[in-house]
>>> print(open('final.cif').read())   # mmCIF, C-alpha atoms
data_start
#
loop_
_atom_site.label_atom_id
_atom_site.label_comp_id
_atom_site.auth_asym_id
_atom_site.auth_seq_id
_atom_site.Cartn_x
_atom_site.Cartn_y
_atom_site.Cartn_z
CA MET A 1 -136.06 142.50 -271.18
CA ASP A 2 -137.72 145.79 -272.08
CA ASN A 3 -141.43 146.14 -272.74
CA HIS A 4 -140.96 146.51 -276.49
CA MET A 5 -139.03 143.23 -276.72
CA ASP A 6 -141.57 141.52 -274.50
CA ARG A 7 -144.43 142.65 -276.72
CA GLU A 8 -142.59 141.61 -279.88
CA PHE A 9 -141.84 138.19 -278.46
CA THR A 10 -145.43 137.67 -277.32
CA ARG A 11 -146.57 138.58 -280.83
CA SER A 12 -144.10 136.05 -282.27
CA VAL A 13 -145.39 133.28 -279.99
CA GLU A 14 -148.96 133.93 -281.14
CA GLU A 15 -148.03 134.19 -284.80
CA LEU A 16 -145.52 131.35 -285.12
CA TYR A 17 -146.82 128.72 -282.71
CA PRO A 18 -149.37 127.07 -285.07
CA ARG A 19 -146.87 126.63 -287.91
CA LEU A 20 -144.06 125.46 -285.64
CA HIS A 21 -146.39 123.04 -283.87
CA ARG A 22 -147.40 121.48 -287.18
CA ALA A 23 -143.76 121.08 -288.22
CA MET A 24 -142.75 119.57 -284.89
CA ARG A 25 -145.64 117.10 -284.95
CA ALA A 26 -144.41 115.84 -288.30
CA TYR A 27 -140.79 115.77 -287.12
CA LEU A 28 -141.56 113.99 -283.83
CA ALA A 29 -144.11 111.53 -285.24
CA GLY A 30 -143.39 108.00 -284.08
CA SER A 31 -141.14 109.17 -281.24
CA SER A 32 -142.10 109.49 -277.60
CA VAL A 33 -141.31 113.21 -277.54
CA ASP A 34 -144.39 115.39 -277.18
CA ALA A 35 -144.65 118.38 -279.51
CA GLU A 36 -146.52 120.55 -276.96
CA ASP A 37 -143.92 119.96 -274.23
CA LEU A 38 -141.08 120.53 -276.63
CA LEU A 39 -142.54 123.83 -277.86
CA GLN A 40 -143.13 125.10 -274.34
CA GLU A 41 -139.47 124.47 -273.63
CA THR A 42 -138.48 126.01 -276.97
CA PHE A 43 -140.30 129.31 -276.45
CA LEU A 44 -139.10 129.58 -272.86
CA LYS A 45 -135.51 128.99 -273.90
CA ALA A 46 -135.88 131.48 -276.74
CA TYR A 47 -137.26 134.09 -274.36
CA LEU A 48 -134.37 133.63 -271.93
CA ASN A 49 -131.85 133.92 -274.78
CA LEU A 50 -133.54 136.70 -276.70
CA ASP A 51 -130.40 138.85 -276.52
CA THR A 52 -128.57 136.30 -278.72
CA PHE A 53 -131.15 136.62 -281.51
CA ARG A 54 -129.75 138.52 -284.50
CA GLU A 55 -132.25 141.11 -285.61
CA ASP A 56 -131.47 140.48 -289.29
CA ALA A 57 -132.31 136.77 -288.90
CA SER A 58 -135.71 135.12 -289.16
CA MET A 59 -137.44 134.52 -285.84
CA TYR A 60 -139.08 131.39 -287.25
CA THR A 61 -135.83 129.69 -288.34
CA TRP A 62 -134.24 130.68 -285.02
CA LEU A 63 -137.09 129.10 -283.06
CA TYR A 64 -137.02 126.09 -285.37
CA SER A 65 -133.33 125.47 -284.72
CA ILE A 66 -133.87 125.74 -280.94
CA ALA A 67 -136.76 123.25 -281.15
CA ARG A 68 -134.77 120.84 -283.31
CA ASN A 69 -131.74 120.96 -281.02
CA LEU A 70 -133.93 120.33 -277.97
CA ALA A 71 -135.57 117.39 -279.76
CA ILE A 72 -132.18 115.90 -280.67
CA ASP A 73 -131.06 116.24 -277.04
CA GLU A 74 -134.26 114.49 -276.02
CA PHE A 75 -133.73 111.68 -278.55
CA ARG A 76 -130.24 111.17 -277.16
CA LYS A 77 -131.50 111.14 -273.59
CA ARG A 78 -134.20 108.62 -274.27
CA LYS A 79 -132.05 106.59 -276.65
CA LYS A 80 -135.17 105.60 -278.51
CA GLU A 81 -134.33 107.08 -281.88
CA LYS A 82 -132.34 104.03 -282.89
CA LEU A 83 -135.05 101.76 -281.63
CA MET A 84 -137.64 103.76 -283.55
CA SER A 85 -135.67 103.57 -286.79
CA ASN A 86 -135.41 99.82 -286.44
CA THR A 87 -139.13 99.34 -285.94
CA PRO A 88 -140.85 97.90 -289.00
CA VAL A 89 -143.03 100.51 -290.72
CA GLU A 90 -146.18 98.48 -290.08
CA ASP A 91 -145.54 98.53 -286.32
CA LEU A 92 -144.96 102.28 -285.95
CA GLU A 93 -147.60 104.02 -283.93
CA ILE A 94 -148.53 107.26 -285.65
CA SER A 95 -151.49 108.98 -284.08
CA ILE A 96 -154.43 110.02 -286.19
CA ASP A 97 -154.85 112.94 -283.77
CA ASP A 98 -158.61 112.48 -283.31
CA ASN A 99 -159.59 115.13 -285.83
CA ASN A 100 -157.47 117.73 -284.06
CA ASP A 101 -155.51 118.68 -287.16
CA GLY A 102 -158.37 119.44 -289.47
CA LEU A 103 -157.86 116.29 -291.50
CA GLU A 104 -161.17 114.67 -290.71
CA ASN A 105 -160.93 112.31 -293.62
CA LEU A 106 -157.45 111.13 -292.85
CA ASP A 107 -157.17 108.18 -295.18
CA HIS A 108 -154.93 105.18 -295.34
CA GLN A 109 -152.58 106.82 -297.84
CA VAL A 110 -151.91 109.85 -295.60
CA LEU A 111 -151.28 107.58 -292.64
CA MET A 112 -148.80 105.51 -294.65
CA MET A 113 -147.05 108.67 -295.85
CA ARG A 114 -146.70 109.85 -292.24
CA LYS A 115 -145.31 106.47 -291.27
CA ALA A 116 -142.81 106.51 -294.11
CA ILE A 117 -141.46 109.91 -293.00
CA ALA A 118 -141.29 108.76 -289.38
CA GLN A 119 -139.25 105.77 -290.48
CA LEU A 120 -136.48 107.94 -291.97
CA PRO A 121 -133.35 108.54 -289.89
CA GLU A 122 -133.24 111.98 -288.22
CA LEU A 123 -130.72 113.41 -290.70
CA LEU A 124 -133.11 112.81 -293.59
CA ARG A 125 -136.43 113.19 -291.76
CA SER A 126 -135.62 116.67 -290.49
CA ILE A 127 -134.82 117.87 -294.03
CA VAL A 128 -137.96 116.29 -295.53
CA VAL A 129 -140.19 117.86 -292.88
CA MET A 130 -138.60 121.29 -293.34
CA LYS A 131 -138.80 121.16 -297.13
CA THR A 132 -141.93 119.28 -298.08
CA ILE A 133 -144.18 119.77 -295.06
CA ASP A 134 -143.13 123.15 -293.69
CA GLY A 135 -142.23 124.63 -297.07
CA LEU A 136 -138.91 126.15 -295.99
CA SER A 137 -136.46 127.17 -298.70
CA TYR A 138 -133.01 125.60 -299.00
CA PRO A 139 -131.27 128.77 -297.64
CA GLU A 140 -133.61 128.68 -294.62
CA ILE A 141 -132.89 124.98 -294.05
CA ALA A 142 -129.17 125.76 -294.32
CA GLU A 143 -129.58 128.40 -291.61
CA ILE A 144 -131.32 125.96 -289.27
CA THR A 145 -129.07 122.96 -289.85
CA ASP A 146 -125.77 124.78 -290.38
CA LEU A 147 -125.18 122.70 -293.52
CA ASN A 148 -124.47 123.94 -297.04
CA GLU A 149 -127.24 123.83 -299.62
CA GLU A 150 -125.53 121.17 -301.73
CA THR A 151 -125.40 118.78 -298.77
CA ILE A 152 -129.04 119.48 -297.98
CA LYS A 153 -130.10 118.80 -301.58
CA ASN A 154 -128.10 115.61 -301.57
CA ARG A 155 -129.81 114.47 -298.37
CA MET A 156 -133.16 115.46 -299.82
CA PHE A 157 -132.45 113.22 -302.81
CA ARG A 158 -131.58 110.31 -300.51
CA ALA A 159 -134.70 110.93 -298.43
CA ARG A 160 -136.94 111.00 -301.51
CA LYS A 161 -135.35 107.82 -302.77
CA GLU A 162 -135.98 106.09 -299.40
CA LEU A 163 -139.56 107.36 -299.30
CA ALA A 164 -140.21 106.08 -302.83
CA ILE A 165 -138.95 102.62 -301.84
CA MET A 166 -141.02 102.54 -298.63
CA LEU A 167 -144.21 103.78 -300.26
CA LYS A 168 -143.82 101.27 -303.06
CA GLN A 169 -143.56 98.50 -300.46
CA MET A 170 -146.74 99.86 -298.83
CA GLY A 171 -148.50 99.91 -302.17
CA ILE A 172 -148.96 103.70 -302.11
CA GLU A 173 -149.02 105.48 -305.46
CA ARG A 174 -149.12 109.12 -306.50
CA SER A 175 -152.54 110.61 -305.76
CA MET B 176 -111.02 113.23 -302.45
CA LYS B 177 -114.16 112.49 -304.42
CA SER B 178 -113.71 110.58 -307.66
CA ILE B 179 -114.91 112.16 -310.90
CA LYS B 180 -117.58 109.46 -311.16
CA ASN B 181 -118.90 110.25 -307.69
CA GLU B 182 -118.98 113.97 -308.38
CA GLN B 183 -120.86 113.36 -311.62
CA THR B 184 -123.36 111.13 -309.79
CA GLU B 185 -123.85 113.70 -307.05
CA ARG B 186 -124.47 116.44 -309.59
CA LEU B 187 -127.09 114.27 -311.28
CA GLU B 188 -128.73 113.51 -307.92
CA ILE B 189 -128.96 117.23 -307.19
CA ARG B 190 -130.49 117.84 -310.63
CA ILE B 191 -133.04 115.07 -309.98
CA ASN B 192 -133.86 116.74 -306.68
CA ASP B 193 -134.21 120.11 -308.42
CA ALA B 194 -136.60 118.49 -310.91
CA ALA B 195 -138.68 117.07 -308.03
CA ASP B 196 -138.79 120.56 -306.46
CA GLY B 197 -140.05 121.99 -309.75
CA PHE B 198 -136.94 124.14 -310.24
CA LEU B 199 -136.21 122.89 -313.79
CA ASN B 200 -137.87 124.04 -317.00
CA GLN B 201 -138.92 121.72 -319.83
CA LYS B 202 -135.58 121.94 -321.64
CA GLU B 203 -133.60 121.28 -318.45
CA ILE B 204 -135.78 118.26 -317.70
CA ALA B 205 -135.25 116.94 -321.22
CA ASP B 206 -131.47 117.43 -320.82
CA LEU B 207 -131.52 115.66 -317.46
CA GLU B 208 -133.44 112.70 -318.84
CA LYS B 209 -130.99 112.48 -321.72
CA ASP B 210 -128.00 112.53 -319.31
CA LEU B 211 -129.64 109.88 -317.14
CA GLN B 212 -129.76 107.40 -320.05
CA ALA B 213 -126.12 106.61 -319.26
CA HIS B 214 -127.03 105.92 -315.59
CA PRO B 215 -129.86 103.35 -315.54
CA GLU B 216 -129.96 103.15 -311.71
CA LEU B 217 -130.33 106.91 -311.36
CA LEU B 218 -132.92 106.94 -314.14
CA LYS B 219 -134.96 104.45 -312.13
CA ASP B 220 -134.60 106.64 -309.01
CA TYR B 221 -135.60 109.68 -311.06
CA TYR B 222 -138.88 108.10 -312.19
CA SER B 223 -139.76 106.83 -308.71
CA ILE B 224 -138.96 110.21 -307.11
CA MET B 225 -140.99 112.10 -309.70
CA ASP B 226 -143.84 109.72 -308.98
CA LEU B 227 -143.93 110.46 -305.22
CA PRO B 228 -147.24 111.78 -303.88
CA ASP B 229 -147.52 115.30 -302.47
CA PHE B 230 -146.50 115.42 -298.80
CA SER B 231 -147.31 119.06 -298.17
CA ASN B 232 -150.79 118.50 -296.73
CA ILE B 233 -150.41 115.33 -294.71
CA TYR B 234 -150.31 117.36 -291.49
CA GLY B 235 -152.83 120.06 -290.71
CA GLU B 236 -152.67 122.80 -288.08
CA LEU B 237 -154.45 122.54 -284.75
CA ASN B 238 -157.76 124.34 -284.49
CA GLU B 239 -157.93 127.89 -283.17
CA HIS B 240 -159.04 126.85 -279.68
CA GLN B 241 -156.23 124.31 -279.22
CA ASN B 242 -153.63 126.79 -280.45
CA ARG B 243 -154.96 129.48 -278.12
CA ASN B 244 -154.73 127.11 -275.12
CA GLN B 245 -151.14 126.16 -275.87
CA ILE B 246 -150.09 129.76 -276.47
CA SER B 247 -151.63 130.74 -273.12
CA VAL B 248 -149.67 128.00 -271.36
CA ILE B 249 -146.43 129.26 -272.93
CA LEU B 250 -147.11 132.92 -272.11
CA ASN B 251 -148.02 131.98 -268.52
CA LYS B 252 -144.76 130.05 -268.15
CA ILE B 253 -142.81 133.05 -269.44
CA GLY B 254 -144.67 135.32 -267.00
CA LEU B 255 -143.87 132.92 -264.16
CA THR B 256 -140.20 132.84 -265.11
CA LYS B 257 -140.10 136.64 -265.09
CA SER B 258 -141.69 136.87 -261.66
CA GLN B 259 -139.34 134.20 -260.26
CA ASN B 260 -136.30 136.05 -261.59
CA PRO B 261 -136.67 139.69 -260.59
CA GLY B 262 -133.02 140.27 -261.46
CA LEU B 263 -133.57 139.00 -264.97
CA ASN B 264 -134.57 142.33 -266.46
CA PHE B 265 -131.60 144.25 -265.11
CA GLU B 266 -129.19 141.42 -265.94
CA ASN B 267 -130.41 141.08 -269.51
CA ILE B 268 -130.39 144.79 -270.14
CA THR B 269 -126.85 145.08 -268.76
CA VAL B 270 -125.53 142.22 -270.89
CA LEU B 271 -127.35 143.46 -273.99
CA TRP B 272 -126.13 147.03 -273.57
CA PHE B 273 -122.61 145.90 -272.84
CA LYS B 274 -122.47 143.72 -275.97
CA LYS B 275 -124.02 146.40 -278.13
CA TYR B 276 -122.16 149.45 -276.93
CA ALA B 277 -118.95 148.43 -275.13
CA LEU B 278 -116.80 148.32 -278.26
CA ALA B 279 -118.17 151.59 -279.62
CA ALA B 280 -117.64 153.27 -276.24
CA SER B 281 -114.01 152.05 -276.08
CA PHE B 282 -113.23 153.56 -279.48
CA LEU B 283 -114.93 156.80 -278.54
CA ILE B 284 -112.95 157.15 -275.30
CA LEU B 285 -109.69 156.38 -277.13
CA ALA B 286 -110.46 158.95 -279.83
CA ILE B 287 -111.39 161.65 -277.31
CA THR B 288 -108.24 161.00 -275.23
CA SER B 289 -106.01 161.18 -278.30
CA VAL B 290 -107.57 164.40 -279.54
CA PHE B 291 -107.28 165.93 -276.07
CA ASN B 292 -103.59 165.05 -275.70
CA LEU B 293 -102.61 166.18 -279.17
CA SER B 294 -104.45 169.47 -278.92
CA GLN B 295 -102.64 170.66 -275.75
CA PRO B 296 -101.17 174.23 -276.21
CA GLY B 297 -97.38 174.41 -276.66
CA VAL B 298 -97.06 170.90 -278.04
CA ALA B 299 -96.58 171.43 -281.73
CA ASP B 300 -94.72 168.28 -282.67
CA THR B 301 -96.94 165.22 -282.25
CA GLU B 302 -93.99 162.85 -282.35
CA ILE B 303 -92.33 164.63 -279.43
CA ALA B 304 -95.63 164.77 -277.62
CA LEU B 305 -96.08 161.05 -278.02
CA GLU B 306 -92.52 160.38 -276.84
CA GLU B 307 -93.12 162.58 -273.86
CA LEU B 308 -96.27 160.67 -273.12
CA ILE B 309 -94.49 157.29 -273.21
CA TYR B 310 -91.07 158.26 -271.75
CA PRO B 311 -91.67 161.23 -269.43
CA GLU B 312 -88.51 163.18 -268.66
CA SER B 313 -87.54 163.15 -265.03
CA ASP B 314 -85.59 166.24 -263.97
CA VAL B 315 -84.82 164.69 -260.62
CA VAL B 316 -82.89 161.77 -262.05
CA SER B 317 -80.77 163.89 -264.44
CA ASP B 318 -79.99 166.45 -261.71
CA ASP B 319 -78.82 163.75 -259.33
CA TYR B 320 -76.60 162.30 -262.04
CA VAL B 321 -74.90 165.69 -262.68
CA THR B 322 -74.41 166.24 -258.95
CA TYR B 323 -72.81 162.85 -258.63
CA LEU B 324 -70.31 163.59 -261.50
CA ASP B 325 -69.40 166.97 -259.98
CA GLU B 326 -68.64 165.37 -256.63
CA TRP B 327 -66.53 162.68 -258.23
CA ILE B 328 -64.39 165.22 -260.22
CA GLU B 329 -63.83 167.31 -257.11
CA GLN B 330 -62.51 164.28 -255.25
#
>>> encode(input="final.cif", output="structure tokens")
Amino acid sequence: MDNHMDREFTRSVEELYPRLHRAMRAYLAGSSVDAEDLLQETFLKAYLNLDTFREDASMYTWLYSIARNLAIDEFRKRKKEKLMSNTPVEDLEISIDDNNDGLENLDHQVLMMRKAIAQLPELLRSIVVMKTIDGLSYPEIAEITDLNEETIKNRMFRARKELAIMLKQMGIERS
Amino acid sequence: MKSIKNEQTERLEIRINDAADGFLNQKEIADLEKDLQAHPELLKDYYSIMDLPDFSNIYGELNEHQNRNQISVILNKIGLTKSQNPGLNFENITVLWFKKYALAASFLILAITSVFNLSQPGVADTEIALEELIYPESDVVSDDYVTYLDEWIEQ
């Protein structure tokens, strides 16, 4: 790795870590996979495979896809994803993060919304997190997931429908 | 193969999703709502989806100090990996350079060789030159053959 690439990668870690950490916390909520551990592994793997990064691609979506693939491997290893999906919403443990995310007035509605997302199966949850929480565009999501945009929009519809049903059961309305 | 009904439903679902993303203008929303009148189940989904709360701010970022700590941990791990793998730099550079330049170098060598062969003095006809390159004439073989015929006639 030459010095220029090293410097660029270090800059990317500093610039992209906060956003990627936020997205991974949302994606991993309710699972036993730790976002910090996962991101350490993600950046290390990215560094070791930097020569496979296409310069015309986005570093963020590349890192995101590495993180997501590592998380999926971890879900498979622990075999807890299925168990998590079968847990009733009320029983899911979603941390309030002790004020460490800037949401000091985390209210009941936000907690229920987090739980509803965590209850979605991975195929839908990953798309919801990318689109509604991380603000990625459909082409960017397509790049990460290797799916076409139509399929992603269709999954997004199904996810929204599921969320609407769950939130209605929780008594959560539009704020 | 998808049935026409399924395709129509999927198209409507995508339009509902576009409406929820704010991609449709007033007229397109009015058209969608009109089309959904024939699909009461989807119309119900449409209203409940449009009524979903905003999810964009339910997770905040860590504070500056926490981010800085985590970034330091990552950069330290990368530094440690580099020091534990002294051959990493050379290996990566070699692989990277090979991938980037091997194909270009092959074409360049081929082009230079071709130009060199075709520009040799005394070889005007390229077709003959190419034939000569592939099937080189061997004087020794033809001479031996003639000698053998001469001997046979004399006998």
>>> residues_near_point(input="final.cif", point="(-139.4, 130.4, -274.3)", cutoff="12 Å", atoms="all atoms listed in the file", output="MDAnalysis selection string")
(chainID A and resid 6 9:10 12:13 17 37:50 62:63 66:67) or (chainID B and resid 246 248:257)
>>> residues_around(input="final.cif", residues="Leu211 in chain B", least_positions_apart="6", cutoff="12 Å", atoms="all atoms listed in the file", output="list in words")
Gln183, Thr184, Arg186, Leu187, Glu188, Arg190, Ile191, Ile204, Ala205, Leu217, Leu218, Lys219, Asp220, Tyr221 and Tyr222 of chain B
>>> closest_atom_pairs(input="final.cif", of="chain B", to="chain A", cutoff="8 Å", atoms="only C-alpha atoms", output="Markdown table")
| residue | atom | partner | partner_atom | distance |
| --- | --- | --- | --- | --- |
| B:Glu185 | CA | A:Asn154 | CA | 7.2 |
| B:Glu188 | CA | A:Phe157 | CA | 6.3 |
| B:Ile189 | CA | A:Asn154 | CA | 5.9 |
| B:Ile191 | CA | A:Phe157 | CA | 7.4 |
| B:Asn192 | CA | A:Phe157 | CA | 5.4 |
| B:Asp220 | CA | A:Lys161 | CA | 6.4 |
| B:Ser223 | CA | A:Ala164 | CA | 5.9 |
| B:Ile224 | CA | A:Arg160 | CA | 6.0 |
| B:Asp226 | CA | A:Arg174 | CA | 5.9 |
| B:Leu227 | CA | A:Arg174 | CA | 5.5 |
| B:Pro228 | CA | A:Arg174 | CA | 4.2 |
| B:Asp229 | CA | A:Arg174 | CA | 7.5 |
| B:Phe230 | CA | A:Thr132 | CA | 6.0 |
| B:Ser231 | CA | A:Ile133 | CA | 4.5 |
| B:Asn232 | CA | A:Ile133 | CA | 6.9 |
| B:Ile233 | CA | A:Val110 | CA | 5.8 |
| B:Tyr234 | CA | A:Arg22 | CA | 6.6 |
| B:Gly235 | CA | A:Asp101 | CA | 4.7 |
| B:Glu236 | CA | A:Asp101 | CA | 5.1 |
| B:Leu237 | CA | A:Asp101 | CA | 4.7 |
| B:Asn238 | CA | A:Asn100 | CA | 6.6 |
| B:Asn242 | CA | A:Pro18 | CA | 6.3 |
| B:Gln245 | CA | A:Glu36 | CA | 7.3 |
| B:Ile246 | CA | A:Glu14 | CA | 6.4 |
| B:Val248 | CA | A:Gln40 | CA | 7.7 |
| B:Ile249 | CA | A:Gln40 | CA | 5.5 |
| B:Leu250 | CA | A:Thr10 | CA | 7.2 |
| B:Lys252 | CA | A:Leu44 | CA | 7.4 |
| B:Ile253 | CA | A:Leu44 | CA | 6.1 |
| B:Leu263 | CA | A:Met1 | CA | 7.6 |
| B:Asn264 | CA | A:Met1 | CA | 5.0 |
| B:Phe265 | CA | A:Met1 | CA | 7.7 |
| B:Asn267 | CA | A:Met1 | CA | 6.1 |
| B:Ile268 | CA | A:Met1 | CA | 6.2 |
| B:Leu271 | CA | A:Asp51 | CA | 6.1 |
>>> axis_aligned_box(input="final.cif", around="range 112-130 of chain A", padding_each_side="4 Å", output="JSON")
{"center_x": -139.8, "center_y": 113.4, "center_z": -292.0, "size_x": 26.1, "size_y": 23.8, "size_z": 15.6}
>>> atom_distance(input="final.cif", atom1="CA of Ala142 in chain A", atom2="CA of Glu203 in chain B")
24.9 Å
>>> atom_distance(input="final.cif", atom1="CA of Pro215 in chain B", atom2="CA of Asn200 in chain B")
22.2 Å
>>> atom_distance(input="final.cif", atom1="CA of Met5 in chain A", atom2="CA of Arg243 in chain B")
21.1 Å
